[in-house]
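Q: This is my_file-v4.tsv (TSV, C-alpha atoms and all ligand atoms).
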chain	number	residue	atom	x	y	z
B	25	MET	CA	52.57	-24.48	-82.35
B	26	TRP	CA	55.21	-26.51	-80.60
B	27	ILE	CA	58.10	-28.87	-81.22
B	28	LYS	CA	57.09	-32.33	-80.05
B	29	HIS	CA	60.11	-34.28	-81.04
B	30	LEU	CA	63.64	-33.49	-82.15
B	31	GLN	CA	66.34	-35.70	-83.60
B	32	LEU	CA	69.93	-34.73	-84.37
B	33	ASN	CA	72.34	-36.70	-86.45
B	34	HIS	CA	75.99	-35.68	-86.54
B	35	PHE	CA	74.97	-32.13	-85.74
B	36	ARG	CA	77.92	-30.16	-84.28
B	37	ASN	CA	79.03	-32.00	-81.14
B	38	TYR	CA	76.08	-34.43	-81.21
B	39	ALA	CA	76.52	-37.90	-82.68
B	40	THR	CA	72.87	-38.77	-82.31
B	41	ALA	CA	70.35	-37.27	-79.96
B	42	GLU	CA	66.63	-37.72	-79.69
B	43	ILE	CA	64.25	-35.96	-77.36
B	44	ASP	CA	60.56	-35.49	-76.69
B	45	LEU	CA	59.77	-31.98	-75.62
B	46	HIS	CA	57.31	-30.58	-73.13
B	47	PRO	CA	54.57	-28.46	-74.75
B	48	VAL	CA	55.17	-25.56	-72.39
B	49	LEU	CA	58.51	-25.31	-70.66
B	50	ASN	CA	61.80	-27.09	-71.35
B	51	ILE	CA	64.98	-26.32	-69.48
B	52	PHE	CA	68.36	-27.58	-70.69
B	53	VAL	CA	71.08	-27.33	-68.12
B	54	GLY	CA	74.77	-27.94	-68.66
B	55	ASP	CA	78.25	-26.52	-68.28
B	56	ASN	CA	79.89	-24.43	-70.97
B	57	ALA	CA	80.73	-26.00	-74.32
B	58	GLN	CA	78.52	-29.06	-73.79
B	59	GLY	CA	76.06	-28.42	-76.63
B	60	LYS	CA	73.30	-26.16	-75.27
B	61	THR	CA	73.54	-23.49	-77.94
B	62	ASN	CA	74.05	-26.16	-80.59
B	63	LEU	CA	70.69	-27.62	-79.65
B	64	LEU	CA	68.88	-24.28	-79.96
B	65	GLU	CA	70.69	-23.66	-83.22
B	66	ALA	CA	69.24	-26.91	-84.57
B	67	MET	CA	65.71	-25.86	-83.62
B	68	TYR	CA	66.28	-22.44	-85.18
B	69	ILE	CA	67.39	-24.07	-88.43
B	70	LEU	CA	64.13	-26.00	-88.58
B	71	ALA	CA	62.32	-22.65	-88.54
B	72	VAL	CA	64.53	-20.39	-90.64
B	73	SER	CA	66.34	-23.03	-92.79
B	74	LYS	CA	69.72	-21.62	-91.86
B	75	SER	CA	71.82	-20.92	-88.82
B	76	TYR	CA	72.13	-17.58	-87.05
B	77	ARG	CA	75.69	-18.40	-85.99
B	78	THR	CA	77.40	-19.16	-89.26
B	79	SER	CA	76.92	-18.86	-92.98
B	80	ARG	CA	79.42	-21.67	-93.58
B	81	GLU	CA	77.01	-24.54	-93.22
B	82	GLY	CA	79.73	-27.18	-93.26
B	83	GLU	CA	80.46	-26.11	-89.68
B	84	LEU	CA	77.17	-27.65	-88.64
B	85	ILE	CA	78.39	-31.11	-89.58
B	86	ARG	CA	80.05	-33.04	-86.79
B	87	HIS	CA	83.81	-33.19	-87.35
B	88	SER	CA	84.92	-35.93	-89.76
B	89	GLN	CA	81.35	-36.81	-90.77
B	90	PRO	CA	80.01	-36.38	-94.32
B	91	SER	CA	76.63	-34.85	-93.45
B	92	THR	CA	74.19	-33.86	-90.75
B	93	LYS	CA	70.46	-34.16	-90.37
B	94	VAL	CA	68.12	-32.26	-88.11
B	95	TYR	CA	64.63	-33.61	-87.84
B	96	GLY	CA	61.66	-32.23	-85.93
B	97	ARG	CA	58.01	-33.04	-85.50
B	98	ILE	CA	55.98	-29.88	-85.15
B	99	GLN	CA	52.46	-29.73	-83.86
B	100	ARG	CA	50.38	-27.06	-85.56
B	101	ASN	CA	46.81	-27.90	-86.54
B	102	ALA	CA	48.15	-31.25	-87.57
B	103	ASP	CA	51.62	-32.70	-87.06
B	104	VAL	CA	54.22	-31.62	-89.59
B	105	ASP	CA	57.60	-33.29	-90.02
B	106	LEU	CA	60.51	-31.05	-90.91
B	107	ALA	CA	64.03	-32.09	-91.82
B	108	VAL	CA	67.21	-30.39	-92.98
B	109	ILE	CA	70.18	-32.25	-94.41
B	110	VAL	CA	73.52	-30.50	-94.85
B	111	SER	CA	76.33	-32.37	-96.59
B	112	HIS	CA	79.90	-31.47	-97.42
B	113	ASP	CA	79.53	-32.58	-101.00
B	114	SER	CA	75.98	-31.65	-102.03
B	115	PRO	CA	73.63	-28.69	-101.60
B	116	LYS	CA	71.44	-28.41	-98.53
B	117	ARG	CA	68.13	-30.24	-98.70
B	118	LEU	CA	64.89	-29.27	-96.95
B	119	PHE	CA	61.96	-31.58	-96.33
B	120	VAL	CA	58.37	-31.05	-95.26
B	121	ASN	CA	56.57	-34.27	-94.41
B	122	HIS	CA	59.44	-36.24	-95.95
B	123	LYS	CA	59.16	-34.55	-99.33
B	124	ALA	CA	62.01	-32.39	-100.61
B	125	THR	CA	60.87	-28.79	-100.87
B	126	THR	CA	61.98	-25.20	-101.50
B	127	SER	CA	63.09	-22.85	-98.77
B	128	ASN	CA	60.05	-20.69	-99.46
B	129	ARG	CA	57.75	-23.59	-98.60
B	130	PHE	CA	59.90	-24.76	-95.72
B	131	VAL	CA	60.34	-21.48	-93.86
B	132	GLY	CA	57.28	-20.56	-91.84
B	133	VAL	CA	56.04	-24.02	-90.89
B	134	LEU	CA	57.78	-23.57	-87.56
B	135	ASN	CA	58.11	-20.05	-86.16
B	136	VAL	CA	60.65	-19.14	-83.52
B	137	VAL	CA	61.67	-16.14	-81.48
B	138	LEU	CA	65.32	-16.32	-80.49
B	139	PHE	CA	66.64	-14.44	-77.48
B	140	THR	CA	70.34	-14.69	-76.62
B	141	PRO	CA	72.85	-12.37	-74.96
B	142	ASP	CA	73.72	-11.36	-78.52
B	143	SER	CA	70.19	-10.05	-79.10
B	144	LEU	CA	71.48	-6.81	-77.58
B	145	GLN	CA	72.93	-6.19	-81.06
B	146	LEU	CA	69.41	-5.20	-82.01
B	147	ILE	CA	70.17	-1.95	-80.26
B	148	LYS	CA	73.95	-1.81	-80.14
B	149	GLY	CA	74.65	-3.29	-83.55
B	150	SER	CA	74.81	-1.81	-87.04
B	151	PRO	CA	71.79	-0.90	-89.16
B	152	GLY	CA	72.57	-4.02	-91.20
B	153	GLU	CA	72.16	-6.17	-88.12
B	154	ARG	CA	68.81	-4.57	-87.30
B	155	ARG	CA	67.58	-5.03	-90.87
B	156	ARG	CA	68.66	-8.64	-90.82
B	157	LEU	CA	66.80	-9.36	-87.58
B	158	LEU	CA	63.68	-7.58	-88.81
B	159	ASP	CA	63.77	-9.46	-92.12
B	160	ILE	CA	64.12	-12.83	-90.39
B	161	LEU	CA	61.02	-12.03	-88.38
B	162	ILE	CA	58.93	-10.96	-91.37
B	163	CYS	CA	60.20	-13.78	-93.61
B	164	GLN	CA	59.03	-16.34	-91.07
B	165	VAL	CA	55.44	-15.17	-91.32
B	166	ASP	CA	55.22	-13.85	-94.87
B	167	ALA	CA	56.45	-15.97	-97.77
B	168	ILE	CA	55.61	-13.23	-100.27
B	169	TYR	CA	57.79	-10.76	-98.41
B	170	ARG	CA	60.57	-13.33	-98.38
B	171	SER	CA	60.32	-13.88	-102.10
B	172	ASN	CA	60.23	-10.11	-102.78
B	173	LEU	CA	63.26	-9.62	-100.59
B	174	LEU	CA	65.26	-12.28	-102.45
B	175	LYS	CA	64.25	-10.76	-105.79
B	176	TYR	CA	65.15	-7.31	-104.56
B	177	GLN	CA	68.60	-8.46	-103.46
B	178	ARG	CA	69.15	-9.97	-106.88
B	179	VAL	CA	68.07	-6.78	-108.64
B	180	VAL	CA	70.42	-4.71	-106.46
B	181	ARG	CA	73.33	-7.03	-107.33
B	182	GLN	CA	72.60	-6.87	-111.05
B	183	ARG	CA	72.03	-3.13	-110.97
B	184	ASN	CA	75.33	-2.69	-109.13
B	185	GLN	CA	77.06	-4.64	-111.87
B	186	LEU	CA	75.50	-2.39	-114.45
B	187	LEU	CA	76.51	0.79	-112.62
B	188	LYS	CA	80.02	-0.53	-112.32
B	189	ASN	CA	80.20	-1.38	-116.03
B	190	ALA	CA	78.90	2.08	-116.87
B	191	GLY	CA	82.17	3.51	-115.58
B	192	ALA	CA	83.94	2.09	-118.62
B	193	ASP	CA	81.04	1.92	-121.03
B	194	ARG	CA	78.41	4.68	-120.81
B	195	SER	CA	76.07	2.87	-123.21
B	196	ALA	CA	75.30	0.38	-120.43
B	197	LEU	CA	73.23	3.16	-118.84
B	198	LYS	CA	70.52	2.66	-121.45
B	199	GLN	CA	69.35	-0.33	-119.45
B	200	LEU	CA	69.13	1.59	-116.21
B	201	PRO	CA	65.48	2.75	-116.43
B	202	ALA	CA	64.26	-0.86	-116.73
B	203	TRP	CA	66.21	-1.86	-113.61
B	204	ASP	CA	64.98	1.22	-111.77
B	205	GLY	CA	61.39	0.21	-112.44
B	206	GLN	CA	61.93	-3.24	-110.94
B	207	LEU	CA	63.95	-1.83	-108.08
B	208	ALA	CA	61.26	0.72	-107.16
B	209	ASP	CA	58.50	-1.85	-107.41
B	210	LEU	CA	60.14	-4.42	-105.11
B	211	ALA	CA	61.59	-1.78	-102.81
B	212	SER	CA	58.26	-0.14	-102.16
B	213	ARG	CA	56.64	-3.47	-101.25
B	214	ILE	CA	59.45	-4.21	-98.81
B	215	MET	CA	59.29	-0.77	-97.25
B	216	PHE	CA	55.53	-0.84	-96.99
B	217	ARG	CA	55.61	-4.15	-95.14
B	218	ARG	CA	58.49	-3.14	-92.90
B	219	GLN	CA	56.82	0.05	-91.75
B	220	ALA	CA	53.57	-1.77	-90.95
B	221	VAL	CA	55.40	-4.49	-89.01
B	222	VAL	CA	57.51	-1.98	-87.08
B	223	LYS	CA	54.46	0.07	-86.20
B	224	SER	CA	52.80	-3.00	-84.73
B	225	LEU	CA	56.01	-4.14	-82.99
B	226	SER	CA	56.43	-0.70	-81.49
B	227	MET	CA	52.95	-0.71	-80.01
B	228	GLN	CA	53.31	-4.18	-78.54
B	229	ALA	CA	56.81	-3.52	-77.25
B	230	ALA	CA	55.74	-0.24	-75.63
B	231	ALA	CA	52.97	-2.03	-73.75
B	232	VAL	CA	55.30	-4.75	-72.46
B	233	HIS	CA	57.97	-2.20	-71.67
B	234	ALA	CA	55.56	-0.11	-69.62
B	235	ARG	CA	54.79	-3.18	-67.51
B	236	LEU	CA	58.48	-4.01	-67.14
B	237	THR	CA	59.35	-0.51	-65.96
B	238	GLY	CA	56.25	0.11	-63.91
B	239	GLY	CA	55.22	2.74	-66.43
B	240	ARG	CA	58.27	4.86	-65.62
B	241	GLU	CA	59.87	4.66	-69.05
B	242	ASP	CA	58.51	4.90	-72.52
B	243	LEU	CA	59.90	2.77	-75.34
B	244	SER	CA	59.28	3.47	-78.98
B	245	ILE	CA	60.60	1.79	-82.08
B	246	ALA	CA	60.53	3.61	-85.38
B	247	TYR	CA	61.06	2.50	-88.93
B	248	VAL	CA	63.69	4.73	-90.50
B	249	PRO	CA	63.62	4.35	-94.27
B	250	PHE	CA	66.89	4.87	-96.13
B	251	SER	CA	65.61	8.24	-97.30
B	252	GLY	CA	65.41	9.44	-93.71
B	253	PRO	CA	62.39	10.17	-91.55
B	254	SER	CA	62.18	13.67	-93.00
B	255	LEU	CA	60.85	12.27	-96.25
B	256	ASP	CA	57.89	10.75	-94.45
B	257	THR	CA	54.86	11.45	-96.61
B	258	GLY	CA	52.51	11.30	-93.65
B	259	GLU	CA	50.52	8.52	-95.22
B	260	GLU	CA	52.70	5.48	-95.63
B	261	THR	CA	51.17	3.86	-98.65
B	262	LEU	CA	52.67	1.53	-101.19
B	263	GLU	CA	52.40	4.35	-103.70
B	264	GLY	CA	54.04	6.76	-101.29
B	265	PHE	CA	57.06	4.48	-100.94
B	266	HIS	CA	57.16	4.00	-104.69
B	267	ASN	CA	57.29	7.76	-105.14
B	268	ILE	CA	60.04	8.09	-102.56
B	269	MET	CA	62.05	5.49	-104.48
B	270	LEU	CA	61.63	7.22	-107.85
B	271	GLU	CA	62.41	10.59	-106.38
B	272	GLN	CA	65.55	9.33	-104.63
B	273	LEU	CA	66.70	7.46	-107.71
B	274	ARG	CA	66.48	10.67	-109.69
B	275	LYS	CA	68.25	12.62	-106.99
B	276	GLU	CA	71.12	10.18	-106.55
B	277	ARG	CA	71.55	9.08	-110.15
B	278	PHE	CA	74.79	10.96	-110.73
B	279	LEU	CA	76.30	9.79	-107.45
B	280	GLU	CA	75.27	6.17	-108.09
B	281	ILE	CA	77.01	6.18	-111.46
B	282	GLN	CA	80.04	7.83	-109.95
B	283	ARG	CA	80.27	5.33	-107.07
B	284	GLY	CA	79.23	2.36	-109.17
B	285	TYR	CA	76.63	0.89	-106.85
B	286	THR	CA	73.05	1.29	-105.68
B	287	LEU	CA	72.73	3.93	-102.97
B	288	VAL	CA	68.97	4.10	-102.92
B	289	GLY	CA	66.63	1.54	-101.40
B	290	PRO	CA	65.61	-0.47	-98.34
B	291	HIS	CA	68.97	-2.25	-98.22
B	292	ARG	CA	69.90	0.91	-96.34
B	293	ASP	CA	66.90	1.10	-93.98
B	294	ASP	CA	67.22	1.15	-90.21
B	295	LEU	CA	65.21	0.94	-87.01
B	296	ALA	CA	65.49	3.43	-84.19
B	297	PHE	CA	64.89	2.48	-80.56
B	298	SER	CA	64.21	5.32	-78.20
B	299	ILE	CA	63.53	5.45	-74.50
B	300	ASP	CA	61.71	8.55	-73.31
B	301	GLY	CA	62.43	10.07	-76.69
B	302	LYS	CA	66.18	9.58	-76.50
B	303	ASP	CA	68.14	7.24	-78.74
B	304	ALA	CA	68.63	3.97	-76.83
B	305	LYS	CA	71.83	3.08	-78.67
B	306	THR	CA	73.59	6.29	-77.64
B	307	TYR	CA	71.99	7.10	-74.30
B	308	GLY	CA	70.51	3.88	-72.94
B	309	SER	CA	72.23	2.10	-70.06
B	310	GLN	CA	73.04	-1.58	-70.48
B	311	GLY	CA	70.04	-2.39	-68.27
B	312	GLN	CA	67.71	-0.18	-70.28
B	313	GLN	CA	68.92	-1.75	-73.51
B	314	ARG	CA	68.32	-5.24	-72.14
B	315	THR	CA	64.81	-4.36	-71.05
B	316	ALA	CA	64.09	-2.86	-74.46
B	317	VAL	CA	65.30	-6.01	-76.20
B	318	LEU	CA	63.20	-8.19	-73.92
B	319	ALA	CA	60.16	-6.05	-74.76
B	320	TYR	CA	60.98	-6.32	-78.47
B	321	LYS	CA	61.26	-10.11	-78.26
B	322	LEU	CA	57.87	-10.39	-76.57
B	323	ALA	CA	56.48	-8.06	-79.23
B	324	GLU	CA	57.89	-10.35	-81.93
B	325	MET	CA	56.00	-13.19	-80.32
B	326	GLU	CA	52.72	-11.24	-80.39
B	327	LEU	CA	53.32	-10.14	-83.97
B	328	MET	CA	53.82	-13.71	-85.12
B	329	ARG	CA	50.69	-14.74	-83.35
B	330	SER	CA	48.67	-11.96	-84.98
B	331	GLU	CA	50.08	-12.86	-88.40
B	332	THR	CA	49.67	-16.63	-88.19
B	333	GLY	CA	47.13	-17.25	-85.45
B	334	GLU	CA	49.65	-19.22	-83.39
B	335	TYR	CA	52.36	-18.31	-80.95
B	336	PRO	CA	55.90	-19.19	-82.04
B	337	VAL	CA	58.31	-21.36	-80.08
B	338	VAL	CA	60.52	-19.18	-77.88
B	339	LEU	CA	64.22	-20.04	-77.65
B	340	LEU	CA	66.07	-18.47	-74.73
B	341	ASP	CA	69.79	-19.13	-74.81
B	342	ASP	CA	71.51	-18.32	-71.55
B	343	VAL	CA	69.56	-15.14	-70.89
B	344	MET	CA	67.90	-15.94	-67.59
B	345	SER	CA	70.97	-15.24	-65.50
B	346	GLU	CA	71.21	-11.77	-67.06
B	347	LEU	CA	67.73	-10.77	-65.99
B	348	ASP	CA	66.86	-9.73	-62.47
B	349	ARG	CA	64.36	-11.78	-60.47
B	350	ALA	CA	61.38	-9.62	-61.29
B	351	ARG	CA	62.02	-9.72	-65.05
B	352	ARG	CA	62.67	-13.44	-64.94
B	353	LYS	CA	59.38	-14.03	-63.19
B	354	PHE	CA	57.56	-11.73	-65.58
B	355	LEU	CA	59.04	-13.51	-68.59
B	356	VAL	CA	58.31	-17.03	-67.42
B	357	GLU	CA	54.77	-16.08	-66.43
B	358	ILE	CA	54.02	-14.68	-69.87
B	359	LEU	CA	55.64	-17.59	-71.66
B	360	ASN	CA	53.97	-20.22	-69.50
B	361	THR	CA	50.57	-19.11	-70.62
B	362	LYS	CA	51.40	-18.51	-74.27
B	363	ALA	CA	54.22	-20.33	-75.97
B	364	GLN	CA	56.38	-23.38	-75.85
B	365	THR	CA	59.66	-22.22	-74.41
B	366	ILE	CA	63.10	-23.77	-74.61
B	367	ILE	CA	65.56	-22.39	-72.09
B	368	THR	CA	69.24	-23.15	-71.70
B	369	THR	CA	71.16	-22.37	-68.56
B	370	THR	CA	74.36	-23.29	-66.78
B	371	HIS	CA	72.59	-23.58	-63.44
B	372	LEU	CA	69.08	-24.08	-62.24
B	373	GLY	CA	69.51	-21.55	-59.46
B	374	SER	CA	67.80	-18.85	-61.56
B	375	PHE	CA	64.54	-20.77	-61.41
B	376	THR	CA	62.04	-21.04	-58.61
B	377	GLU	CA	60.82	-24.50	-57.54
B	378	ASP	CA	57.47	-23.52	-58.93
B	379	ILE	CA	58.88	-23.11	-62.39
B	380	LEU	CA	60.98	-26.26	-62.20
B	381	ALA	CA	58.00	-28.32	-61.10
B	382	ASN	CA	56.15	-27.50	-64.30
B	383	ALA	CA	58.97	-28.00	-66.76
B	384	SER	CA	60.79	-30.83	-68.45
B	385	ILE	CA	64.39	-30.64	-67.38
B	386	PHE	CA	67.25	-32.07	-69.40
B	387	ARG	CA	70.94	-32.27	-68.68
B	388	ILE	CA	73.39	-31.75	-71.54
B	389	GLU	CA	76.86	-33.15	-71.24
B	390	ALA	CA	79.37	-33.46	-74.07
B	391	GLY	CA	76.74	-33.80	-76.75
B	392	THR	CA	74.41	-36.13	-74.91
B	393	ILE	CA	71.02	-35.16	-73.57
B	394	ALA	CA	69.50	-36.90	-70.57
B	395	GLU	CA	66.01	-36.12	-69.41
B	396	ARG	CA	65.74	-35.53	-65.72
B	397	GLY	CA	61.95	-35.60	-65.64
B	398	ASN	CA	59.98	-32.77	-64.13
B	399	GLY	CA	59.31	-31.88	-60.59
B	400	ASP	CA	62.67	-33.20	-59.43
B	401	VAL	CA	64.28	-31.24	-56.71
B	402	PHE	CA	67.82	-30.32	-57.59
B	403	ALA	CA	70.65	-29.55	-55.32
B	404	PRO	CA	71.99	-26.18	-56.45
B	405	ARG	CA	75.13	-26.59	-58.48
A	501	LIG	N1	81.06	-29.30	-86.26
A	501	LIG	C1	81.37	-29.64	-84.99
A	501	LIG	N2	81.79	-30.91	-84.71
A	501	LIG	C2	82.09	-31.26	-83.43
A	501	LIG	N3	82.01	-30.42	-82.39
A	501	LIG	C3	81.59	-29.16	-82.61
A	501	LIG	C4	81.25	-28.71	-83.92
A	501	LIG	N4	80.87	-27.42	-83.84
A	501	LIG	C5	80.96	-27.07	-82.54
A	501	LIG	N5	81.40	-28.12	-81.80
A	501	LIG	C6	81.63	-28.16	-80.35
A	501	LIG	O1	80.45	-27.81	-79.65
A	501	LIG	C7	80.81	-27.25	-78.40
A	501	LIG	C8	80.11	-25.97	-78.15
A	501	LIG	O2	78.77	-26.22	-78.01
A	501	LIG	P1	77.76	-25.08	-77.59
A	501	LIG	O3	76.42	-25.62	-77.84
A	501	LIG	O4	78.12	-23.79	-78.23
A	501	LIG	O5	78.09	-24.98	-76.04
A	501	LIG	P2	77.23	-24.40	-74.84
A	501	LIG	O6	76.72	-25.57	-74.06
A	501	LIG	O7	78.22	-23.62	-74.04
A	501	LIG	O8	76.15	-23.56	-75.41
A	501	LIG	C9	82.28	-26.98	-78.42
A	501	LIG	O9	82.92	-27.95	-77.62
A	501	LIG	C10	82.63	-27.12	-79.89
A	501	LIG	O10	83.94	-27.58	-80.07
A	502	MG	MG	75.98	-21.50	-75.37
Go ahead and render the structure in this file as structure tokens.
A:
Amino acid sequence: MWIKHLQLNHFRNYATAEIDLHPVLNIFVGDNAQGKTNLLEAMYILAVSKSYRTSREGELIRHSQPSTKVYGRIQRNADVDLAVIVSHDSPKRLFVNHKATTSNRFVGVLNVVLFTPDSLQLIKGSPGERRRLLDILICQVDAIYRSNLLKYQRVVRQRNQLLKNAGADRSALKQLPAWDGQLADLASRIMFRRQAVVKSLSMQAAAVHARLTGGREDLSIAYVPFSGPSLDTGEETLEGFHNIMLEQLRKERFLEIQRGYTLVGPHRDDLAFSIDGKDAKTYGSQGQQRTAVLAYKLAEMELMRSETGEYPVVLLDDVMSELDRARRKFLVEILNTKAQTIITTTHLGSFTEDILANASIFRIEAGTIAERGNGDVFAPR
């Protein structure tokens, strides 16, 4: 799949912008604070329905404007038109082929893999950050997972309320078994899917990582359920996860009532990255962590392709300058043969003439985008 056409209206620092994209490689070059990340953010929103930079969506609207619209034409089997409208005074609206639709129908038409300097949080960040990134990946390719996850989050909130009320009124606890049933049912589906996805990501990432390190280092990514790896049943079945949930709920019941919130469930899962068997967060060098994240991102791309039959669009925000020449070359070579790629950079010096000759190159300046054609020779900035 690829993004053929993109239109922004009052989006962040853009008044209006309209571009036709290259099916393979697009490079956006510009100084700091000109609108490069804003542009990738807009594409990301077309895929995920919300921003990765802010949860206050009003920030997306250009200052002193009432609303913003992002529109994209996506080529899959057929062309699909996607649009998102965010207004200060009404709820967000999502459109597929010009018809208003739900987020569950909207998300997944366009798939993206996002790689930014911040992606390092996948290793360095909190478990919550890792869960969030994993969920965004799975939600893009699995609408049922997405709907289960939303239901699960609602059940946790309501169950928390109940546990809190039980502090003052013990009779509220009579309702607990019904909530536990729902919680265990949704939780086990989420856990089952997560472990399968992580297993496949780990295999793909290990293969890429071996190529990146010349086979010298060994990356593995493990799903760590909230109950800890020690509770691993050996056969990770839906029923197995269901049993883990029920068992843990029994075990933690007293503590949950005492604390007044839900302690048990996949809202406390994590992922563990290890290099040569050692925890990458604690022992990995910055360079090792970067390589692991790069491998993970390429694994995400392969996972999406195996789930949907098509490669996602790859968004690379300012990451080229952080990679050494060999990794840069490796990355561009893989992407050139597989996915549409959108790259932002402050200077074209990180790219060989070869790469530039086969890309569409755009210059971004103060919220305007000018296409520079492809194959131009640029004086280094
Ligand atoms: N809602 C908004 N309205 C107008 N300008 C905005 C808005 N949000 C962000 N900006 C501006 O966008 C610019 C940053 O753009 P960004 O895409 O992050 O830059 P970069 O090219 O460095 O990636 C800043 O100048 C910021 O003030
Ligand atoms: Mg930026």
Q: Mind running stretch 105-166 of chain B against stretch 304-310 of chain B at 12 Å and telling me each contacting residue's nearest atom pair with the distance in Å (one decimal), counting all atoms listed in the file, chain and number ascending, as a tab-separated table?
A:
residue	atom	partner	partner_atom	distance
B:Pro141	CA	B:Gln310	CA	11.7
B:Leu144	CA	B:Gln310	CA	9.0
B:Gln145	CA	B:Lys305	CA	9.6
B:Leu146	CA	B:Lys305	CA	9.3
B:Ile147	CA	B:Lys305	CA	5.5
B:Lys148	CA	B:Lys305	CA	5.5
B:Gly149	CA	B:Lys305	CA	8.5
B:Ser150	CA	B:Lys305	CA	10.1
B:Pro151	CA	B:Lys305	CA	11.2
B:Arg154	CA	B:Lys305	CA	11.9
Q: So that I have them on file, write out the residues from the current selection with C-alpha atoms, as a PDB file, keeping the file's coordinate frame.
A:
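Listed below is the output, part_27.pdb:
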ATOM      1  CA  PRO B 141      72.850 -12.370 -74.960  1.00  0.00           C
ATOM      2  CA  LEU B 144      71.480  -6.810 -77.580  1.00  0.00           C
ATOM      3  CA  GLN B 145      72.930  -6.190 -81.060  1.00  0.00           C
ATOM      4  CA  LEU B 146      69.410  -5.200 -82.010  1.00  0.00           C
ATOM      5  CA  ILE B 147      70.170  -1.950 -80.260  1.00  0.00           C
ATOM      6  CA  LYS B 148      73.950  -1.810 -80.140  1.00  0.00           C
ATOM      7  CA  GLY B 149      74.650  -3.290 -83.550  1.00  0.00           C
ATOM      8  CA  SER B 150      74.810  -1.810 -87.040  1.00  0.00           C
ATOM      9  CA  PRO B 151      71.790  -0.900 -89.160  1.00  0.00           C
ATOM     10  CA  ARG B 154      68.810  -4.570 -87.300  1.00  0.00           C
TER      11      ARG B 154
END
Q: Take atom CA of B:Lys116 and atom CA of B:Leu84 and report the distance between them in Å, one decimal.
A: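 Between atom CA of B:Lys116 and atom CA of B:Leu84 the gap is 11.5 Å.
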Q: Each residue of stretch 273-346 of chain B with at least one atom at most 6 Å from stretch 219-234 of chain B should appear once, together with its nearest atom pair and the corresponding distance in Å (one decimal); atoms considered: all atoms listed in the file; ordering: chain, then increasing residue number; output as a Markdown table.
A:
| residue | atom | partner | partner_atom | distance |
| --- | --- | --- | --- | --- |
| B:Ala319 | CA | B:Ala229 | CA | 4.9 |
| B:Tyr320 | CA | B:Ala229 | CA | 5.2 |
| B:Ala323 | CA | B:Ala229 | CA | 5.0 |
Q: Identify, counting all atoms listed in the file, the protein, DNA and RNA residues located within 12 Å of ligand LIG 501 (chain A), and give them as a count of residues only.
A: 59
Q: Figure out the distance between atom CA of B:Asn50 and atom CA of B:Ile366, please, to one decimal in Å.
A: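 Computing it gives 4.8 Å between the two atoms.
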Q: Interatomic distance between atom CA of B:Val104 and atom CA of B:Val337?
A: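 Between atom CA of B:Val104 and atom CA of B:Val337 the gap is 14.6 Å.
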Q: Pick out the residues sitting within 12 Å of stretch 380-384 of chain B, and hand them over as number ranges by chain; count all atoms listed in the file, and ignore anything fewer than 3 positions along from it in its own chain.
A: B: 43-53, 356-357, 359-361, 364-368, 371-377, 387, 394-402
Q: Hey, can you spit out that residue selection with C-alpha atoms as a compact mmCIF listing (two decimals), in the coordinates of the input?
A:
# COMPACT_ATOMS: atom_id res chain seq x y z
CA ILE B 43 64.25 -35.96 -77.36
CA ASP B 44 60.56 -35.49 -76.69
CA LEU B 45 59.77 -31.98 -75.62
CA HIS B 46 57.31 -30.58 -73.13
CA PRO B 47 54.57 -28.46 -74.75
CA VAL B 48 55.17 -25.56 -72.39
CA LEU B 49 58.51 -25.31 -70.66
CA ASN B 50 61.80 -27.09 -71.35
CA ILE B 51 64.98 -26.32 -69.48
CA PHE B 52 68.36 -27.58 -70.69
CA VAL B 53 71.08 -27.33 -68.12
CA VAL B 356 58.31 -17.03 -67.42
CA GLU B 357 54.77 -16.08 -66.43
CA LEU B 359 55.64 -17.59 -71.66
CA ASN B 360 53.97 -20.22 -69.50
CA THR B 361 50.57 -19.11 -70.62
CA GLN B 364 56.38 -23.38 -75.85
CA THR B 365 59.66 -22.22 -74.41
CA ILE B 366 63.10 -23.77 -74.61
CA ILE B 367 65.56 -22.39 -72.09
CA THR B 368 69.24 -23.15 -71.70
CA HIS B 371 72.59 -23.58 -63.44
CA LEU B 372 69.08 -24.08 -62.24
CA GLY B 373 69.51 -21.55 -59.46
CA SER B 374 67.80 -18.85 -61.56
CA PHE B 375 64.54 -20.77 -61.41
CA THR B 376 62.04 -21.04 -58.61
CA GLU B 377 60.82 -24.50 -57.54
CA ARG B 387 70.94 -32.27 -68.68
CA ALA B 394 69.50 -36.90 -70.57
CA GLU B 395 66.01 -36.12 -69.41
CA ARG B 396 65.74 -35.53 -65.72
CA GLY B 397 61.95 -35.60 -65.64
CA ASN B 398 59.98 -32.77 -64.13
CA GLY B 399 59.31 -31.88 -60.59
CA ASP B 400 62.67 -33.20 -59.43
CA VAL B 401 64.28 -31.24 -56.71
CA PHE B 402 67.82 -30.32 -57.59
Q: Using all atoms listed in the file, give me every residue within 9 Å of (58.4, -31.0, -96.5) in file coordinates, as a PyMOL selection string.
A: chain B and resi 104-107+118-126+129-130
Q: Have a look at B:Asp113, B:Asp166, B:Asp142, B:Asp348 and name the one nearest to ligand MG 502 (chain A); count only C-alpha atoms and all ligand atoms.
A: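 Counting only C-alpha atoms and all ligand atoms, the residue closest to ligand MG 502 (chain A) is B:Asp142.
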Q: Of the candidates B:Lys175, B:His266, B:Arg97, B:Arg277, which one gets nearest to B:His29 if we count all atoms listed in the file?
A: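 Checking each of B:Lys175, B:His266, B:Arg97, B:Arg277 against B:His29, counting all atoms listed in the file, the winner is B:Arg97.
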